[in-house]
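Shown below: my_file.txt, with compact mmCIF, C-alpha atoms.
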```txt
# COMPACT_ATOMS: atom_id res chain seq x y z
CA MET A 1 22.42 27.28 26.30
CA PRO A 2 22.39 25.80 22.77
CA THR A 3 25.47 26.38 20.67
CA THR A 4 25.33 27.46 17.02
CA THR A 5 25.87 23.93 15.69
CA GLU A 6 22.96 22.62 17.76
CA LYS A 7 20.68 25.28 16.35
CA LYS A 8 21.26 23.99 12.84
CA ILE A 9 19.89 20.53 13.65
CA LYS A 10 16.35 20.36 12.29
CA GLY A 11 15.71 16.68 12.54
CA THR A 12 17.13 13.23 12.77
CA VAL A 13 16.41 9.62 11.90
CA VAL A 14 15.93 6.64 14.18
CA ILE A 15 17.07 3.34 12.69
CA THR A 16 16.20 -0.17 13.85
CA VAL A 17 19.33 -1.79 12.47
CA GLU A 18 18.20 -5.40 12.90
CA ARG A 19 15.02 -4.92 10.83
CA CYS A 20 16.84 -3.41 7.83
CA LYS A 21 17.20 -5.47 4.65
CA GLY A 22 19.45 -2.98 2.90
CA CYS A 23 17.15 -2.19 -0.05
CA GLY A 24 18.49 1.37 -0.27
CA PHE A 25 15.13 3.12 -0.82
CA CYS A 26 15.82 5.61 1.99
CA VAL A 27 19.32 6.41 0.70
CA GLU A 28 18.21 6.91 -2.92
CA PHE A 29 15.10 9.00 -2.30
CA CYS A 30 16.17 11.10 0.71
CA PRO A 31 15.33 14.66 -0.45
CA SER A 32 18.40 16.12 1.27
CA LYS A 33 20.71 13.17 0.49
CA ALA A 34 21.48 12.80 4.18
CA LEU A 35 21.84 9.01 4.27
CA LYS A 36 24.30 6.41 3.02
CA LEU A 37 24.57 2.66 3.42
CA SER A 38 26.85 1.84 6.31
CA GLU A 39 30.03 -0.21 6.00
CA GLN A 40 28.83 -2.26 8.96
CA PHE A 41 26.65 -5.34 8.70
CA ASN A 42 23.63 -6.23 10.81
CA SER A 43 23.24 -9.80 12.05
CA LYS A 44 21.47 -10.84 8.82
CA GLY A 45 24.35 -9.52 6.72
CA TYR A 46 22.71 -6.39 5.30
CA HIS A 47 24.18 -2.90 5.33
CA PRO A 48 21.82 -0.61 7.25
CA PRO A 49 21.71 3.14 6.46
CA VAL A 50 23.51 5.78 8.52
CA LEU A 51 23.30 9.57 8.56
CA ILE A 52 26.15 11.19 6.63
CA SER A 53 25.88 14.27 8.76
CA GLN A 54 23.39 15.35 11.39
CA GLU A 55 23.00 18.81 9.82
CA LEU A 56 21.76 17.43 6.47
CA CYS A 57 18.68 15.72 7.90
CA ASN A 58 15.56 17.84 8.25
CA GLY A 59 13.38 15.09 9.72
CA CYS A 60 10.89 15.06 6.83
CA ASP A 61 10.14 11.34 7.38
CA MET A 62 10.35 10.48 3.66
CA CYS A 63 12.57 7.53 4.68
CA GLY A 64 9.91 6.44 7.18
CA LEU A 65 7.26 6.42 4.44
CA LEU A 66 9.44 4.56 1.96
CA CYS A 67 11.03 1.95 4.23
CA PRO A 68 9.40 -1.41 3.39
CA ASP A 69 10.82 -2.97 6.55
CA PHE A 70 9.64 -0.32 9.06
CA ALA A 71 13.27 0.09 10.12
CA ILE A 72 13.73 3.87 9.85
CA TYR A 73 11.75 7.03 10.49
CA GLY A 74 12.47 10.72 10.66
CA ILE A 75 11.62 13.10 13.47
CA ARG A 76 11.70 16.88 13.48
CA ILE A 77 13.53 18.56 16.33
CA LYS A 78 12.04 21.85 17.43
CA MET B 1 22.96 6.59 35.46
CA ASP B 2 19.96 4.33 34.94
CA GLU B 3 17.60 7.25 35.26
CA GLN B 4 19.50 9.17 32.61
CA ILE B 5 19.23 6.28 30.13
CA LEU B 6 15.50 5.99 30.77
CA GLU B 7 15.00 9.68 30.16
CA ILE B 8 16.75 9.49 26.81
CA GLU B 9 14.70 6.47 25.75
CA GLU B 10 11.47 8.20 26.64
CA SER B 11 12.41 11.32 24.69
CA ILE B 12 12.73 9.36 21.39
CA PRO B 13 9.27 9.02 19.87
CA VAL B 14 8.43 5.54 18.67
CA ASN B 15 8.07 4.79 14.98
CA PRO B 16 4.57 6.02 14.04
CA ILE B 17 3.81 2.68 12.39
CA GLU B 18 4.69 0.63 15.47
CA SER B 19 1.24 0.87 17.07
CA PHE B 20 -0.30 -0.49 13.84
CA LEU B 21 1.94 -3.55 13.67
CA ARG B 22 1.89 -6.91 15.36
CA THR B 23 5.52 -6.46 16.35
CA ASP B 24 5.89 -10.07 17.50
CA ARG B 25 5.55 -11.07 13.83
CA MET B 26 8.35 -8.76 12.67
CA PRO B 27 10.57 -8.96 10.66
CA HIS B 28 8.12 -9.75 7.88
CA ILE B 29 8.73 -12.23 5.08
CA TRP B 30 8.75 -9.72 2.20
CA CYS B 31 11.94 -9.73 0.15
CA PRO B 32 14.51 -6.91 0.32
CA GLY B 33 13.34 -4.28 -2.17
CA CYS B 34 9.70 -5.40 -2.22
CA GLY B 35 7.25 -2.50 -2.32
CA ILE B 36 4.48 -3.96 -0.17
CA GLY B 37 5.93 -2.66 3.11
CA THR B 38 6.04 0.84 1.63
CA THR B 39 2.33 0.68 0.80
CA VAL B 40 1.62 -0.46 4.37
CA ASN B 41 3.43 2.67 5.64
CA CYS B 42 1.20 4.85 3.48
CA PHE B 43 -1.93 2.99 4.57
CA THR B 44 -1.16 3.40 8.28
CA ARG B 45 -0.28 7.09 7.86
CA ALA B 46 -3.57 7.59 6.03
CA LEU B 47 -5.47 5.76 8.79
CA GLU B 48 -3.76 7.88 11.42
CA THR B 49 -4.81 11.15 9.81
CA SER B 50 -8.24 9.99 8.67
CA GLY B 51 -9.72 10.34 12.15
CA LEU B 52 -11.45 6.96 11.87
CA ASP B 53 -12.12 4.98 15.04
CA LEU B 54 -9.57 2.15 14.72
CA ASN B 55 -11.89 -0.22 16.58
CA LYS B 56 -14.28 0.16 13.65
CA VAL B 57 -11.73 -0.49 10.92
CA SER B 58 -11.16 -3.99 9.65
CA VAL B 59 -8.72 -5.22 7.04
CA VAL B 60 -9.39 -8.28 4.90
CA SER B 61 -6.73 -9.94 2.77
CA GLY B 62 -6.58 -12.93 0.50
CA ILE B 63 -3.64 -15.19 -0.29
CA GLY B 64 -0.31 -14.07 -1.65
CA CYS B 65 2.52 -11.80 -0.63
CA THR B 66 0.16 -8.85 -0.18
CA GLY B 67 -2.29 -11.16 1.57
CA ARG B 68 0.03 -11.16 4.54
CA VAL B 69 -0.77 -7.51 5.28
CA ALA B 70 -3.84 -8.52 7.30
CA GLY B 71 -1.65 -10.68 9.50
CA TYR B 72 0.89 -7.96 10.17
CA LEU B 73 -1.53 -5.13 10.95
CA ASN B 74 -2.64 -4.74 14.53
CA LEU B 75 -6.26 -4.09 13.54
CA ASP B 76 -9.24 -6.39 13.36
CA SER B 77 -8.21 -8.33 10.33
CA PHE B 78 -8.92 -11.55 8.49
CA HIS B 79 -6.81 -13.62 6.13
CA THR B 80 -9.30 -15.33 3.84
CA THR B 81 -8.98 -18.17 1.36
CA HIS B 82 -7.56 -17.50 -2.09
CA GLY B 83 -9.49 -14.88 -4.06
CA ARG B 84 -12.23 -14.45 -1.48
CA PRO B 85 -11.43 -11.27 0.47
CA ILE B 86 -14.24 -9.37 -1.25
CA PRO B 87 -17.00 -11.93 -0.48
CA PHE B 88 -15.84 -12.01 3.14
CA ALA B 89 -15.71 -8.21 3.27
CA THR B 90 -19.18 -8.03 1.71
CA GLY B 91 -20.62 -10.17 4.50
CA LEU B 92 -18.69 -8.27 7.12
CA LYS B 93 -19.93 -4.93 5.85
CA LEU B 94 -23.56 -5.95 5.39
CA ALA B 95 -23.79 -7.51 8.86
CA ASN B 96 -21.96 -4.57 10.50
CA PRO B 97 -22.64 -1.45 8.42
CA GLU B 98 -20.87 0.73 10.99
CA LEU B 99 -17.50 -0.90 10.15
CA LYS B 100 -15.02 0.60 7.71
CA VAL B 101 -13.96 -2.41 5.65
CA VAL B 102 -10.69 -2.34 3.73
CA VAL B 103 -9.72 -5.12 1.33
CA TYR B 104 -5.94 -5.21 0.99
CA SER B 105 -4.70 -7.79 -1.47
CA GLY B 106 -2.64 -8.53 -4.53
CA ASP B 107 -3.41 -8.50 -8.23
CA GLY B 108 -3.54 -12.28 -8.59
CA ASP B 109 -5.85 -12.72 -5.64
CA LEU B 110 -8.23 -9.87 -6.54
CA PHE B 111 -8.30 -10.15 -10.33
CA ALA B 112 -7.50 -13.74 -11.27
CA ILE B 113 -8.84 -16.03 -8.58
CA GLY B 114 -11.26 -13.42 -7.21
CA GLY B 115 -11.95 -11.44 -10.38
CA ASN B 116 -15.62 -12.28 -10.42
CA HIS B 117 -16.15 -10.97 -6.89
CA PHE B 118 -14.43 -7.70 -7.69
CA ILE B 119 -16.66 -6.81 -10.63
CA HIS B 120 -19.83 -7.58 -8.67
CA ALA B 121 -18.77 -5.63 -5.58
CA ALA B 122 -18.01 -2.65 -7.83
CA ARG B 123 -21.33 -3.07 -9.69
CA ARG B 124 -23.31 -3.16 -6.44
CA ASN B 125 -21.26 -0.26 -5.08
CA LEU B 126 -20.62 -1.89 -1.73
CA ASP B 127 -19.19 0.58 0.74
CA MET B 128 -15.59 -0.65 0.99
CA THR B 129 -12.08 0.38 0.01
CA VAL B 130 -10.09 -2.02 -2.14
CA ILE B 131 -6.31 -1.59 -2.21
CA CYS B 132 -4.61 -3.74 -4.82
CA VAL B 133 -0.83 -4.04 -4.77
CA ASN B 134 0.05 -4.90 -8.36
CA ASN B 135 3.47 -6.50 -8.78
CA SER B 136 2.60 -7.88 -12.26
CA ILE B 137 3.19 -11.49 -11.29
CA TYR B 138 2.27 -14.27 -8.86
CA GLY B 139 5.03 -13.61 -6.35
CA MET B 140 4.46 -16.15 -3.62
CA THR B 141 3.92 -19.20 -5.80
CA GLY B 142 7.02 -18.79 -7.97
CA GLY B 143 6.50 -16.11 -10.60
CA GLN B 144 3.80 -17.55 -12.84
CA VAL B 145 2.12 -15.30 -15.41
CA ALA B 146 -0.75 -13.27 -13.90
CA PRO B 147 -3.66 -11.37 -15.53
CA THR B 148 -1.64 -8.20 -14.97
CA THR B 149 1.66 -9.37 -16.52
CA PRO B 150 2.43 -7.02 -19.44
CA ILE B 151 2.78 -8.43 -22.95
CA SER B 152 6.35 -9.67 -23.71
CA ALA B 153 7.32 -9.88 -20.02
CA THR B 154 8.91 -13.15 -18.96
CA ALA B 155 7.40 -15.26 -16.19
CA SER B 156 8.17 -18.79 -15.04
CA THR B 157 5.24 -20.14 -17.09
CA THR B 158 6.02 -17.96 -20.12
CA PRO B 159 9.78 -18.35 -20.63
CA HIS B 160 9.53 -16.90 -24.16
CA GLY B 161 7.49 -13.87 -23.10
CA ASN B 162 3.85 -13.32 -22.29
CA PHE B 163 1.37 -13.05 -25.17
CA GLU B 164 -1.87 -12.64 -23.18
CA GLN B 165 -3.59 -9.27 -23.01
CA PRO B 166 -3.35 -8.01 -19.41
CA PHE B 167 -6.11 -6.27 -17.48
CA ASN B 168 -6.21 -2.49 -17.33
CA LEU B 169 -7.28 -2.40 -13.69
CA PRO B 170 -8.47 1.24 -13.40
CA TYR B 171 -10.55 0.80 -16.57
CA LEU B 172 -12.06 -2.42 -15.21
CA ALA B 173 -12.98 -0.76 -11.89
CA ASP B 174 -14.31 2.34 -13.66
CA SER B 175 -16.50 0.40 -16.09
CA CYS B 176 -17.91 -1.77 -13.29
CA GLY B 177 -19.04 1.33 -11.43
CA ALA B 178 -16.46 2.11 -8.74
CA VAL B 179 -16.91 5.62 -7.32
CA TYR B 180 -13.23 6.27 -6.68
CA VAL B 181 -10.41 4.94 -8.86
CA ALA B 182 -6.75 5.88 -8.53
CA ARG B 183 -3.38 4.43 -9.47
CA TRP B 184 -0.05 5.15 -7.81
CA THR B 185 3.29 3.42 -7.57
CA ALA B 186 5.24 2.50 -4.44
CA PHE B 187 7.44 5.51 -5.18
CA HIS B 188 4.59 8.07 -4.88
CA VAL B 189 4.31 7.76 -1.11
CA ARG B 190 2.87 11.18 -0.31
CA HIS B 191 0.32 11.10 -3.13
CA LEU B 192 -0.62 7.56 -2.19
CA THR B 193 -1.16 8.45 1.48
CA LYS B 194 -3.46 11.31 0.47
CA SER B 195 -5.27 9.10 -2.00
CA ILE B 196 -5.89 6.33 0.56
CA LYS B 197 -7.22 8.93 2.97
CA GLU B 198 -9.65 10.19 0.31
CA ALA B 199 -10.71 6.65 -0.55
CA LEU B 200 -11.37 5.84 3.11
CA ALA B 201 -13.59 8.92 3.40
CA LYS B 202 -15.54 8.05 0.25
CA LYS B 203 -18.90 6.33 0.60
CA GLY B 204 -19.09 3.47 -1.88
CA PHE B 205 -16.68 1.22 -3.71
CA SER B 206 -13.26 2.87 -3.89
CA PHE B 207 -10.33 1.25 -5.65
CA ILE B 208 -6.61 2.06 -5.57
CA GLU B 209 -4.06 0.22 -7.66
CA ILE B 210 -0.47 0.45 -6.42
CA LEU B 211 2.35 -0.68 -8.68
CA ALA B 212 5.08 -2.26 -6.58
CA PRO B 213 8.41 -3.83 -7.44
CA CYS B 214 8.84 -7.61 -7.17
CA PRO B 215 12.64 -7.88 -7.21
CA THR B 216 12.90 -11.62 -6.66
CA LEU B 217 10.62 -12.83 -9.44
CA TYR B 218 9.42 -10.15 -11.84
CA SER B 219 12.50 -7.92 -11.96
CA ARG B 220 15.03 -10.72 -11.86
CA ARG B 221 13.38 -12.78 -14.60
CA ASN B 222 13.02 -9.71 -16.79
CA LYS B 223 16.54 -8.46 -16.05
CA LEU B 224 15.26 -5.17 -14.62
CA GLY B 225 17.66 -5.02 -11.70
CA ASP B 226 16.56 -5.01 -8.09
CA GLY B 227 13.75 -3.29 -6.20
CA LEU B 228 15.59 0.02 -6.11
CA ASP B 229 16.03 0.01 -9.92
CA GLN B 230 12.28 -0.52 -10.32
CA MET B 231 11.59 2.36 -7.93
CA ILE B 232 13.90 4.64 -9.95
CA TYR B 233 12.07 3.51 -13.08
CA TYR B 234 8.75 4.47 -11.44
CA LYS B 235 10.18 7.85 -10.52
CA GLU B 236 11.48 8.58 -14.02
CA ASN B 237 8.64 7.17 -16.08
CA SER B 238 5.50 8.13 -14.18
CA GLU B 239 3.25 10.93 -15.29
CA ILE B 240 0.59 12.31 -12.96
CA LYS B 241 -2.63 12.89 -14.88
CA HIS B 242 -5.62 13.40 -12.62
CA GLY B 243 -8.94 12.67 -14.31
CA ALA B 244 -7.29 10.82 -17.22
CA ASP B 245 -9.58 8.58 -19.27
CA THR B 246 -9.12 5.12 -17.74
CA LYS B 247 -9.17 3.60 -21.24
CA SER B 248 -5.87 5.31 -21.94
CA VAL B 249 -3.97 4.15 -18.84
CA ALA B 250 -3.17 0.55 -19.85
CA LEU B 251 0.32 -0.63 -18.98
CA ASP B 252 2.82 -2.07 -21.44
CA PHE B 253 6.13 -3.68 -20.59
CA GLN B 254 8.36 -0.92 -19.12
CA SER B 255 6.23 1.77 -20.76
CA LYS B 256 5.26 5.17 -19.41
CA ILE B 257 3.02 4.85 -16.34
CA ILE B 258 0.03 7.16 -16.02
CA VAL B 259 -0.76 7.65 -12.35
CA GLY B 260 -3.29 9.82 -10.57
CA LYS B 261 -6.88 9.96 -9.43
CA PHE B 262 -8.93 8.94 -12.44
CA VAL B 263 -12.49 8.69 -11.13
CA ASP B 264 -14.21 10.46 -8.25
CA ARG B 265 -18.00 10.41 -8.56
CA ASP B 266 -21.03 9.93 -6.34
CA ARG B 267 -23.42 7.03 -6.61
CA PRO B 268 -25.69 5.65 -3.84
CA ASP B 269 -24.17 2.57 -2.23
CA TYR B 270 -25.73 -0.88 -1.90
CA LEU B 271 -27.38 -0.48 1.52
CA THR B 272 -28.77 2.98 0.71
CA LEU B 273 -30.26 1.66 -2.54
CA MET B 274 -31.76 -1.37 -0.78
CA ASN B 275 -33.37 0.69 1.96
CA GLU B 276 -34.70 3.26 -0.53
CA HIS B 277 -36.11 0.56 -2.78
CA TYR B 278 -37.98 -1.34 -0.06
CA GLN B 279 -39.22 1.86 1.53
CA LYS B 280 -40.75 2.81 -1.81
CA LYS B 281 -42.30 -0.66 -2.18
CA PHE B 282 -43.58 -1.26 1.36
CA GLY B 283 -43.82 2.22 2.86
CA ASP B 284 -44.10 2.33 6.66
CA LYS B 285 -44.24 -1.46 6.94
CA TYR B 286 -40.50 -1.58 6.14
CA THR B 287 -37.94 -0.82 8.85
CA PRO B 288 -34.72 0.42 7.26
CA TYR B 289 -31.87 -2.06 7.75
CA LYS B 290 -29.14 -0.71 9.98
CA GLY B 291 -27.26 -3.89 10.78
```

Target encoding structure tokens, full file:
Amino acid sequence: MPTTTEKKIKGTVVITVERCKGCGFCVEFCPSKALKLSEQFNSKGYHPPVLISQELCNGCDMCGLLCPDFAIYGIRIK
Amino acid sequence: MDEQILEIEESIPVNPIESFLRTDRMPHIWCPGCGIGTTVNCFTRALETSGLDLNKVSVVSGIGCTGRVAGYLNLDSFHTTHGRPIPFATGLKLANPELKVVVYSGDGDLFAIGGNHFIHAARRNLDMTVICVNNSIYGMTGGQVAPTTPISATASTTPHGNFEQPFNLPYLADSCGAVYVARWTAFHVRHLTKSIKEALAKKGFSFIEILAPCPTLYSRRNKLGDGLDQMIYYKENSEIKHGADTKSVALDFQSKIIVGKFVDRDRPDYLTLMNEHYQKKFGDKYTPYKG
């Protein structure tokens, strides 16, 4: 039985942390401003993006279209 | 426990671009903030929705940063010598007319070293799609001035600013006879995807110019910030004007950018014209060429 918070989740992003070069395209142009650059580093020394909050993401895949390193994509959850 | 982990992994769909990439060659060599990867996303999304048989699609690239696209795409592709993707694509298309040939290269490769081939392919209306990623400079060789560098922009060979008149690429393609001409920037991902899809469906010579940031050479030398700053500039200074006169869309240094679909017309392509011509001349004695 899904709870009320689960119902709100419309989508999410999947991030391949090691491919990210921290350009920030996904963070800047996310239509719902759901992403931020993480405090953590990947092994190359870049800050990969993280979701600020699961509820903000609607899985539109704008990040997936913009990412020049093929490191992120959005999926809609039905 | 193991079964549970497997189930979770299976439920996450893979990145839609993954099947189009030679993943063993990832990560790619493009700089952080470079726009070429973004254009590749749009191209693969367009291919996915175009309904084309991927076994009949081939990508040809020349030399340069954008020239590496052919090597990264998991399609039949060829990385030609400098400036020669269009001659190679011409031969490929004429020998195998059932193929959908896409030339994916940079501004230096297509318009400086291979400029001559471009104008003749457009004049003959060869059935191919040419995607030109324009970063206004020779990226791979160290930021020398290119035929697309705007006046007053600094390059490694013009430390006091460029004084040469750059090409207006949509105007060049239009005047040479291309049937489809569009310009987008790396920021306009949805428009660009739609435009590539239209160009792939068009019979004849279709041309798309994509402005992309070059953070390491162009932006840094001109003190324009990094790739993200260039993308924000594209967002704030682009104006979509479909059907605009290509004469009026020339680019100046950090000026307003007119983007959109400028030309969409119909003109018989090279093979159709050849078959029609010889059929008229020789009648039944001529068997139409089908590859």

**Study point:** Exercise answer, chain B residues close to chain A, 7 Å and all atoms listed in the file, as a list in words
**Key:**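 That gives the following set of residues: Asn15, Pro27, Pro32, Gly33, Cys34, Gly35, Ile36, Gly37, Thr38, Asn41, Cys42, Val189 and Leu228 of chain B.
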
Practice item. Quick one: everything within 8 Å of region 64-68 of chain B, counting all atoms listed in the file, minus sequence neighbours fewer than 6 positions away in the same chain. Send it as a list in words. Key: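 Result of the neighbour search: Trp30, Ile36, His79, Tyr104, Ser105, Gly106, Gly108, Asp109, Val133, Tyr138, Gly139, Met140 and Thr141 of chain B.
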
Exercise for review: One decimal, Å: what's the distance from CA of Phe78 (chain B) over to CA of Cys132 (chain B), could you say?
Suggested key: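 Here the two named atoms are 16.0 Å from each other.
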
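In terms of minimum interatomic distance to Arg45 (chain B), A:Asp61 ranks closest within A:Lys36, A:Asp61, A:Lys8, A:Val13, counting all atoms listed in the file.
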
Review point. What is the distance between CA of Cys60 (chain A) and CA of Arg190 (chain B), in Å to one decimal?
Key: 11.4 Å

Point to revise | Contact residues around Gly225 (chain B) with all atoms listed in the file at 10 Å, ignoring same-chain residues under 5 positions, as a ChimeraX atom specification | key: /B:215-216,218-220,230

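For the pair CA of Arg183 (chain B) and CA of Lys241 (chain B), the separation is 10.1 Å.
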
Practice item. Up to 12 Å from (-3.4, 5.6, 6.9) in the file's coordinates: name the residues, counting all atoms listed in the file, as a PyMOL selection string. Key: (chain A and resi 65) or (chain B and resi 16-17+20+38-54+57+73+102+131+189-190+192-201)

Check your understanding: What's the 8 Å shell around region 55-58 of chain A, counting all atoms listed in the file, without same-chain residues fewer than 4 positions away, as an MDAnalysis selection string?
Key -> chainID A and resid 8:13 32:34 51 76

Review point. Taking all atoms listed in the file into account, which of A:Ile52, A:Gly45, A:Glu39, A:Ile77 comes nearest Val27 (chain A)?
Key: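 Going through A:Ile52, A:Gly45, A:Glu39, A:Ile77 one by one, the smallest distance to Val27 (chain A) is for A:Ile52.
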
Exercise for review: Determine, counting all atoms listed in the file, every residue of protein, DNA or RNA that lies within 6 Å of (-6.3, -14.9, -0.5) in the file coordinates, then give the result as a list in words.
Suggested key: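 Checking each residue against the 6 Å limit leaves Ser61, Gly62, Ile63, Gly67, Thr80, Thr81, His82, Gly83 and Asp109 of chain B.
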
Practice item. Would you list the contacts of Ala121 (chain B) as a list in words, taking every protein, DNA or RNA residue within 8 Å and counting only C-alpha atoms, but skipping same-chain residues closer than 6 positions in sequence? Key: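 My list of contacting residues is Ile86, Thr90 and Phe205 of chain B.
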
Same residues, C-alpha atoms, saved as a short mmCIF file (atom, residue, chain, number, x, y, z; two decimals), keeping the file's coordinate frame:
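To be explicit, this is the file written out as part18.cif:
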```
data_model
loop_
_atom_site.label_atom_id
_atom_site.label_comp_id
_atom_site.auth_asym_id
_atom_site.auth_seq_id
_atom_site.Cartn_x
_atom_site.Cartn_y
_atom_site.Cartn_z
CA ILE B 86 -14.24 -9.37 -1.25
CA THR B 90 -19.18 -8.03 1.71
CA PHE B 205 -16.68 1.22 -3.71
#
```
